[in-house]
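The block underneath contains the structure these notes are about, expressed in C-alpha cells.
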Amino acid sequence: MTAKTATLTVGSKTMELPVKSGTIGPDVIDISKLYGATHNFTYDPGFTSTASCESKITYIDGDEGVLLYRGYPIEQLAEHGDFLETCYLLLYGELPTKQQYDDFTGRVTRHTMVHEQMTKFFTGYRRDAHPMSVMVGTVGALAAFYHDSLDIADPHQRMVASIRMIAKMPTIAAMAHKYTIGQPFIFPENKLDYASNFLRMCFAVPCEEYKVNPILARALDRIFILHADHEQNASTSTVRLAGSSGANPFACIAAGIACLWGPAHGGANEAALAMLQEIGSVDRIPEYVRRAKDKNDPFRLMGFGHRVYKNYDPRAKIMQKTCHEVLGTLGIKDDPLLDVAMELERIALSDEYFIEKKLYPNIDFYSGITLKAMGFPTSMFTVLFALARTVGWIAQWKEMIEDPSQKIGRPRQLYTGAAQRDYVDVTDRR
C-alpha cells in the first residue's frame with residue numbers, strides 16, 4: 001500500500017509531506033521537516049489545526065458528539081463505572097479486573113492524607129483567597145514534601161507521584177474550602193469511597209455526625225468521570241508543555257491548575273450559573289435571547305456551544321440527568337434557576353438561530369446548578385474541575401514522558417515587530 005503524502009509548494013520549492021492516520025479521526029500532515037526544507041513555519045493561532053502530539057488516551061468527534069476514554073464511550077463509563085475505575089483506565093489503558101481495582105483503590109486510599117506541616121501553608125493565605133489560588137500554591141508545594149517521587153525517569157516514582165496526586169487532591173481541595181469559610185479541617189476517612197470521602201471533608205463539622213447522601217455521592221462521582229480528561233485542551237497542553245522541560249510532576253499539575261483557572265476554560269460553569277442568576281426568571285428569557293442574537297450586543301449566552309463539539313455535548317446529556325437526580329433528592333422542585341435553564345435548553349434545541357449555529361447546551365450549563373444545589377460555593381466550581389481533571393493531566397503527562405519521540409515544546413511565531421536597529425544614546429534620542 002502506497003503511503004499517503006501531501007504536496008506543498010512554497011515559491012519554487014516543492015516537497016512531499018507524509019500523511020499519518022490515526023485509529024479514528026482525521027489524518028494528520030507531518031510538517032516536522034517543513035522548516036528545514038523550505039525555511040517556513042506554519043501559522044496556526046491557538047493551534048486549532050495542529051496535532052501537538054500522538055496520544056492513545058482520549059478521542060473526541062465534535063461533529064458527532066462523541067467522547068471516548070481509551071475507546072470507551074463516556075456514557076457507558078458514567079452510567080456503569082466509578083471514578084477510580086476511570087482513573088485506572090486512563091492511567092493504564094484498560095479497565096481493571098476486580099483484583100486490580102481493589103489494589104488500585106487501596107493504594108489511592110493509603111495516600112489521602114497530606115503531610116501535617118502542609119496545614120501551616122493555609123495559615124499563610126488570606127481567608128478571602130480564591131480557592132484556586134490556594135490550589136495552585138499548595139499543589140506546587142507538594143514537591144517540597146515528597147522528594148521520593150520527583151525522578152521522572154523512574155517509572156516507579158512516576159506512578160507513586162500519580163497515585164499521590166489523585167489521592168491528595170480531594171483533601172487539599174476540601175482544606176481550601178474549609179479554610180475560606182473558617183471551619184476546621186476534616187481528615188479523610190478511608191472507609192468511605194472517593195466521592196463520599198470528599199463530601200464529608202467539605203461539609204462535615206466536628207460537633208455533629210455527618211452522613212453522606214449516596215445519591216449526591218454518586219452524582220459527584222459521575223461529575224468527576226465526565227471531567228476526567230478532554231484530549232489536548234488548554235490546561236492539558238499546559239501540563240504537557242511544562243512536562244516537556246523535565247519539570248517535576250507536581251509543578252506540571254500546578255501549571256495545569258493555573259491554566260484551568262481562566263474563565264474561558266475551567267470557569268465556564270461558574271459563568272453559566274452567573275448568567276442564569278442574571279436572567280432570574282423565565283419571563284425575562286426572550287429579552288436575553290434577543291440580545292444573544294444581536295451582533296452589536298456584547299452579551300453572550302454562557303453554557304451553550306463548545307469549541308470542539310459541533311453537536312450536542314455527550315457529557316451534557318448525562319449532566320442533565322444528574323442535575324435532576326440531585327435536585328429531586330434534595331427536594332428542590334421549583335428552583336427558578338432550573339426553570340430558566342430548562343426553558344433556555346428548549347429554545348436552544350428548537351430555535352433556528354441556535355440550530356444553525358449549533359449552540360447546544362454544554363456540560364457547564366448543568367454542572368453549575370448541580371454543584372450549587374449540593375452546597376458548593378461558586379468559587380469551588382473550578383476547584384472540583386481541577387480535582388477531576390488531575391487524573392487526565394497525569395495520564396497525559398505520563399504518556400508524554402514515556403514517548404521516545406517527545407522533545408521540549410518550542411512553538412514558533414510570526415514576528416511583526418521592529419526590524420534590526422541600532423542603539424542610540426539617551427541624550428541623542430528625539
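In the C-alpha cells, chains take the letters A, B, ... in the order shown, each chain's residues start at 1, and ligands count up from 1 in the order shown.
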
### Task
Please provide as JSON, numbers by chain all residues within 12 Å of stretch 188-200 of chain A, with the sequence filter that same-chain residues fewer than 3 positions apart are discarded (counting only C-alpha atoms).
{"A": [82, 83, 84, 85, 87, 102, 105, 106, 107, 108, 109, 110, 111, 112, 113, 114, 166, 167, 168, 169, 170, 171, 172, 173, 174, 175, 177, 178, 185, 203, 204, 205, 206, 208, 209, 210, 211, 212, 213, 214, 215, 216, 217, 218, 219, 220, 221, 222, 223, 224, 225, 371, 374, 375, 376, 384, 387, 388]}

### Query
Could you name the residues that touch A:Phe365 at 9 Å or less, counting only C-alpha atoms, but leaving out those on the same chain fewer than 4 positions away, as a list in words?
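With the cut-off at 9 Å, the set is Ala268, Asn269, Ala272, Leu273, Met302, Gly303, Phe304, Ala316, Met319, Gln320, Ala341, Pro361 and Ile369 of chain A.
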
### Query
Hey, which of A:Pro73, A:Gly305, A:Pro336, A:Pro263 ends up closest to A:Asp61? Count only C-alpha atoms.
A:Pro73

### Task
Could you give me, as a list in words, the residues within 7 Å of A:Val340, counting only C-alpha atoms and dropping anything in the same chain fewer than 6 positions from it?
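Selected residues are Leu276, Ser281 and Val282 of chain A.
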
Residue subset to file, keeping all heavy atoms, as a PDB file, in the first residue's frame:
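To be explicit, this is the file written out as out-v6.pdb:
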```pdb
ATOM      1  N   LEU A 276     -27.475  32.577  34.473  1.00  0.00           N
ATOM      2  CA  LEU A 276     -28.826  32.168  34.859  1.00  0.00           C
ATOM      3  C   LEU A 276     -29.354  33.044  35.978  1.00  0.00           C
ATOM      4  O   LEU A 276     -30.538  33.412  36.001  1.00  0.00           O
ATOM      5  CB  LEU A 276     -28.820  30.698  35.290  1.00  0.00           C
ATOM      6  CG  LEU A 276     -28.504  29.665  34.200  1.00  0.00           C
ATOM      7  CD1 LEU A 276     -28.428  28.270  34.804  1.00  0.00           C
ATOM      8  CD2 LEU A 276     -29.535  29.702  33.086  1.00  0.00           C
ATOM      9  N   SER A 281     -35.576  34.945  35.831  1.00  0.00           N
ATOM     10  CA  SER A 281     -36.886  34.315  35.705  1.00  0.00           C
ATOM     11  C   SER A 281     -37.181  34.016  34.233  1.00  0.00           C
ATOM     12  O   SER A 281     -36.612  34.638  33.327  1.00  0.00           O
ATOM     13  CB  SER A 281     -37.983  35.221  36.278  1.00  0.00           C
ATOM     14  OG  SER A 281     -38.021  36.459  35.597  1.00  0.00           O
ATOM     15  N   VAL A 282     -38.086  33.070  34.025  1.00  0.00           N
ATOM     16  CA  VAL A 282     -38.408  32.626  32.676  1.00  0.00           C
ATOM     17  C   VAL A 282     -38.936  33.755  31.809  1.00  0.00           C
ATOM     18  O   VAL A 282     -38.631  33.825  30.606  1.00  0.00           O
ATOM     19  CB  VAL A 282     -39.439  31.461  32.737  1.00  0.00           C
ATOM     20  CG1 VAL A 282     -39.931  31.110  31.336  1.00  0.00           C
ATOM     21  CG2 VAL A 282     -38.821  30.242  33.410  1.00  0.00           C
TER      22      VAL A 282
END
```

### Task
Identify which of the residues A:Thr7, A:Asp44, A:Gly368, A:Gly137 lies closest to A:Met380, counting only C-alpha atoms when measuring atom-to-atom distances.
A:Gly368

### DSSP strand (DSSP E or B) residues within stretch 17-176 of chain A, as a VMD selection string
chain A and resid 17 to 20 28 to 29 58 to 61 66 to 69 72 to 73

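For the set A:Lys310, A:His115, A:Arg421, A:His39, the residue with the smallest atom-to-atom gap to A:Val66 is A:Lys310, counting only C-alpha atoms.
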
### Query
Pick from A:Phe354, A:Tyr92, A:Tyr179, A:Tyr366: nearest to A:Gly124, with only C-alpha atoms counted?
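Selected residue with least distance to A:Gly124: A:Tyr179.
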
Can you check which parts of stretch 233-301 of chain A lie within 9 Å of stretch 407-415 of chain A? Per residue, the shortest pair of atoms and distance in Å to one decimal, counting only C-alpha atoms, sorted by chain and number, as JSON lines.
```
{"residue": "A:Arg240", "atom": "CA", "partner": "A:Gly409", "partner_atom": "CA", "distance": 8.4}
{"residue": "A:Leu241", "atom": "CA", "partner": "A:Gly409", "partner_atom": "CA", "distance": 5.6}
{"residue": "A:Ala242", "atom": "CA", "partner": "A:Gly409", "partner_atom": "CA", "distance": 8.2}
{"residue": "A:Gly243", "atom": "CA", "partner": "A:Ile408", "partner_atom": "CA", "distance": 8.2}
{"residue": "A:Ser244", "atom": "CA", "partner": "A:Ile408", "partner_atom": "CA", "distance": 4.5}
{"residue": "A:Ser245", "atom": "CA", "partner": "A:Ile408", "partner_atom": "CA", "distance": 5.3}
{"residue": "A:Gly246", "atom": "CA", "partner": "A:Ile408", "partner_atom": "CA", "distance": 8.2}
```

### Task
as a PyMOL selection string, please: all residues of stretch 158-343 of chain A that backbone DSSP puts in helix (DSSP H, G or I).
chain A and resi 158-181+194-203+214-226+234-243+249-260+268-279+282-293+314-329+336-343

### Query
Any idea what's packed within 10 Å of A:Ser237, counting only C-alpha atoms, ignoring anything in its chain fewer than 4 positions away? Could you give it as number ranges by chain?
A: 52-53, 231-233, 241-243, 256, 259, 393, 396-397

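The closest residue to A:Glu116, picked from A:Ile401, A:Gly65, A:Phe145, A:Glu325 and counting only C-alpha atoms, is A:Phe145.
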
### Message
Between A:Ser133, A:Gln100, A:Thr14, A:Ser350, which residue has the minimum interatomic distance to A:Ala255, considering only C-alpha atoms?
### Response
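When distances to A:Ala255 are compared using only C-alpha atoms, the smallest one comes from A:Ser133.
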